[in-house]
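What follows is a short report on a single structure.
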Amino acid sequence: MRCVYCNCTESKVIDSRSADDDRTIRRRRECTGCGRRFTTYETIEVSPILVVKSDGNRQAFDVGKIKRGIIKACEKRPVPIEKIDALTEEISKKIYNSMEQEISSKQIGEMVMEGLKNLDEVAYVRYASVYRSFKDINSFMSELQKMMEKKEEFK
């Protein structure tokens, strides 16, 4: 680590602490050349993931978009924000753990729908109606029928 005051490359760590919810380490250093102290931060480098949209365009993965979509689907439903955060975190982990640099928006949408199905059925239907862009009442009813059949299987 290069000293910001004298450009010396030798320093010793005086103190280390975690910061930013244990995602960053804050280190207090002392330059062996000039004796002055400075602070450095060490974070995990995350390689960017690109989302491939249905039209072929690519954009950076944004977990905030997933959370906003889930919140919108759960609007006026008895779903606590902790469960929404947990689902968002679970989906984000799946995406990062896949070790892929690109993921399709379709795959993300399916992950969200799978999570919502277990979280709240009404929120699931709301999200599915936008995600699958039902053209008419018959396609909407078909999706509801599938849900009802699966529910009957588990009884």
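Going through the structure tokens in order, the chains are called A, B, and so on, while each chain numbers its residues from 1 and the ligands are numbered from 1 in the order shown.
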
(Q) Residues near Val63 of chain A, anyone? I mean within 10 Å using only C-alpha atoms, not counting same-chain ones fewer than 6 positions away, as a PyMOL selection string. (A) chain A and resi 88-89+91-92+95

Dump of N, CA and C atoms for the selected residues, as a PDB file, in the first residue's frame:
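Now in out.pdb:
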ATOM      1  N   THR A  88     -35.323 -11.567  -1.815  1.00  0.00           N
ATOM      2  CA  THR A  88     -34.426 -10.805  -2.682  1.00  0.00           C
ATOM      3  C   THR A  88     -32.983 -11.288  -2.506  1.00  0.00           C
ATOM      4  N   GLU A  89     -32.572 -11.477  -1.269  1.00  0.00           N
ATOM      5  CA  GLU A  89     -31.212 -11.956  -0.974  1.00  0.00           C
ATOM      6  C   GLU A  89     -30.988 -13.364  -1.536  1.00  0.00           C
ATOM      7  N   ILE A  91     -32.482 -14.795  -4.125  1.00  0.00           N
ATOM      8  CA  ILE A  91     -32.376 -14.722  -5.587  1.00  0.00           C
ATOM      9  C   ILE A  91     -31.019 -14.151  -5.987  1.00  0.00           C
ATOM     10  N   SER A  92     -30.583 -13.108  -5.306  1.00  0.00           N
ATOM     11  CA  SER A  92     -29.288 -12.493  -5.592  1.00  0.00           C
ATOM     12  C   SER A  92     -28.152 -13.504  -5.402  1.00  0.00           C
ATOM     13  N   ILE A  95     -28.016 -15.993  -8.233  1.00  0.00           N
ATOM     14  CA  ILE A  95     -27.455 -15.398  -9.445  1.00  0.00           C
ATOM     15  C   ILE A  95     -25.939 -15.305  -9.339  1.00  0.00           C
TER      16      ILE A  95
END

request  = Would you list the contacts of Glu75 of chain A as a ChimeraX atom specification, taking every protein, DNA or RNA residue within 12 Å and counting only C-alpha atoms, but skipping same-chain residues closer than 5 positions in sequence?
outcome  = /A:68-70,80-81,84,120,122-124,126-127

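When the distance limit is 8 Å and only C-alpha atoms are what count, the residues near Thr40 of chain A, minus those fewer than 6 positions from it on the same chain, are Arg26, Arg27, Arg28 and Arg29 of chain A.
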
Suppose we keep N, CA and C atoms; can you now write the selection as an mmCIF file, in the first residue's frame?
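And here's part32.cif as it stands now:
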data_model
loop_
_atom_site.group_PDB
_atom_site.id
_atom_site.type_symbol
_atom_site.label_atom_id
_atom_site.label_comp_id
_atom_site.auth_asym_id
_atom_site.auth_seq_id
_atom_site.Cartn_x
_atom_site.Cartn_y
_atom_site.Cartn_z
ATOM 1 N N ARG A 26 -11.821 -2.020 7.379
ATOM 2 C CA ARG A 26 -11.170 -0.705 7.507
ATOM 3 C C ARG A 26 -9.841 -0.942 8.213
ATOM 4 N N ARG A 27 -8.755 -0.498 7.585
ATOM 5 C CA ARG A 27 -7.426 -0.676 8.182
ATOM 6 C C ARG A 27 -6.779 0.690 8.421
ATOM 7 N N ARG A 28 -6.299 0.876 9.620
ATOM 8 C CA ARG A 28 -5.539 2.085 9.971
ATOM 9 C C ARG A 28 -4.079 1.701 9.816
ATOM 10 N N ARG A 29 -3.347 2.438 8.998
ATOM 11 C CA ARG A 29 -1.955 2.108 8.689
ATOM 12 C C ARG A 29 -1.023 3.233 9.106
#

Check your understanding: What's the 10 Å shell around Ala19 of chain A, counting only C-alpha atoms, without same-chain residues fewer than 4 positions away, as a ChimeraX atom specification?
Key -> /A:23-27,41-43

*Compile the contact shell of Met1 of chain A as a PyMOL selection string: residues with an atom at most 7 Å away, counting only C-alpha atoms, same-chain residues fewer than 2 positions apart removed.*
chain A and resi 3+9-11

Can those selected residues be exported to a file as a PDB file, in the first residue's frame so that it contains N, CA and C atoms?
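Output file result_36.pdb follows:
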ATOM      1  N   CYS A   3       1.904   5.054   0.600  1.00  0.00           N
ATOM      2  CA  CYS A   3       1.577   6.154   1.499  1.00  0.00           C
ATOM      3  C   CYS A   3       1.076   7.352   0.679  1.00  0.00           C
ATOM      4  N   THR A   9       6.195   2.666  -0.163  1.00  0.00           N
ATOM      5  CA  THR A   9       5.361   1.473  -0.356  1.00  0.00           C
ATOM      6  C   THR A   9       5.300   0.573   0.873  1.00  0.00           C
ATOM      7  N   GLU A  10       5.987   0.948   1.936  1.00  0.00           N
ATOM      8  CA  GLU A  10       5.999   0.140   3.160  1.00  0.00           C
ATOM      9  C   GLU A  10       5.146   0.802   4.235  1.00  0.00           C
ATOM     10  N   SER A  11       4.236   0.021   4.816  1.00  0.00           N
ATOM     11  CA  SER A  11       3.437   0.514   5.934  1.00  0.00           C
ATOM     12  C   SER A  11       3.080  -0.663   6.828  1.00  0.00           C
TER      13      SER A  11
END

Please, which residues of segment 79-128 of chain A, numbered as in this document, come out helix (DSSP H, G or I) from DSSP, as a ChimeraX atom specification? /A:81-97,105-119,121-128

Residues from last step as file, C-alpha atoms, as a CSV table (one decimal), in the first residue's frame:
chain,number,residue,atom,x,y,z
A,81,ILE,CA,-40.5,-6.6,4.6
A,82,GLU,CA,-38.1,-9.1,6.2
A,83,LYS,CA,-39.5,-11.9,4.0
A,84,ILE,CA,-39.2,-9.7,0.9
A,85,ASP,CA,-35.6,-8.9,1.8
A,86,ALA,CA,-34.9,-12.6,2.4
A,87,LEU,CA,-36.4,-13.6,-1.0
A,88,THR,CA,-34.4,-10.8,-2.7
A,89,GLU,CA,-31.2,-12.0,-1.0
A,90,GLU,CA,-31.9,-15.6,-1.9
A,91,ILE,CA,-32.4,-14.7,-5.6
A,92,SER,CA,-29.3,-12.5,-5.6
A,93,LYS,CA,-27.2,-15.3,-4.1
A,94,LYS,CA,-28.4,-17.8,-6.7
A,95,ILE,CA,-27.5,-15.4,-9.4
A,96,TYR,CA,-24.0,-14.7,-8.0
A,97,ASN,CA,-23.4,-18.3,-7.1
A,105,SER,CA,-34.2,-11.8,-17.6
A,106,LYS,CA,-36.5,-14.8,-18.1
A,107,GLN,CA,-34.4,-16.8,-15.6
A,108,ILE,CA,-34.6,-14.0,-13.1
A,109,GLY,CA,-38.4,-13.7,-13.6
A,110,GLU,CA,-38.8,-17.5,-13.0
A,111,MET,CA,-36.8,-17.3,-9.8
A,112,VAL,CA,-38.9,-14.4,-8.6
A,113,MET,CA,-42.1,-16.3,-9.4
A,114,GLU,CA,-41.0,-19.4,-7.7
A,115,GLY,CA,-40.2,-17.5,-4.6
A,116,LEU,CA,-43.5,-15.6,-4.6
A,117,LYS,CA,-45.4,-18.8,-5.1
A,118,ASN,CA,-44.1,-19.9,-1.7
A,119,LEU,CA,-44.4,-16.5,-0.1
A,121,GLU,CA,-50.2,-16.7,-3.8
A,122,VAL,CA,-51.9,-13.4,-4.6
A,123,ALA,CA,-48.5,-11.7,-5.0
A,124,TYR,CA,-47.5,-14.6,-7.3
A,125,VAL,CA,-50.5,-14.1,-9.5
A,126,ARG,CA,-50.0,-10.4,-9.6
A,127,TYR,CA,-46.3,-10.8,-10.7
A,128,ALA,CA,-47.2,-13.6,-13.1

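Atom CA of Ser133 of chain A lies 18.5 Å from atom CA of Val52 of chain A.
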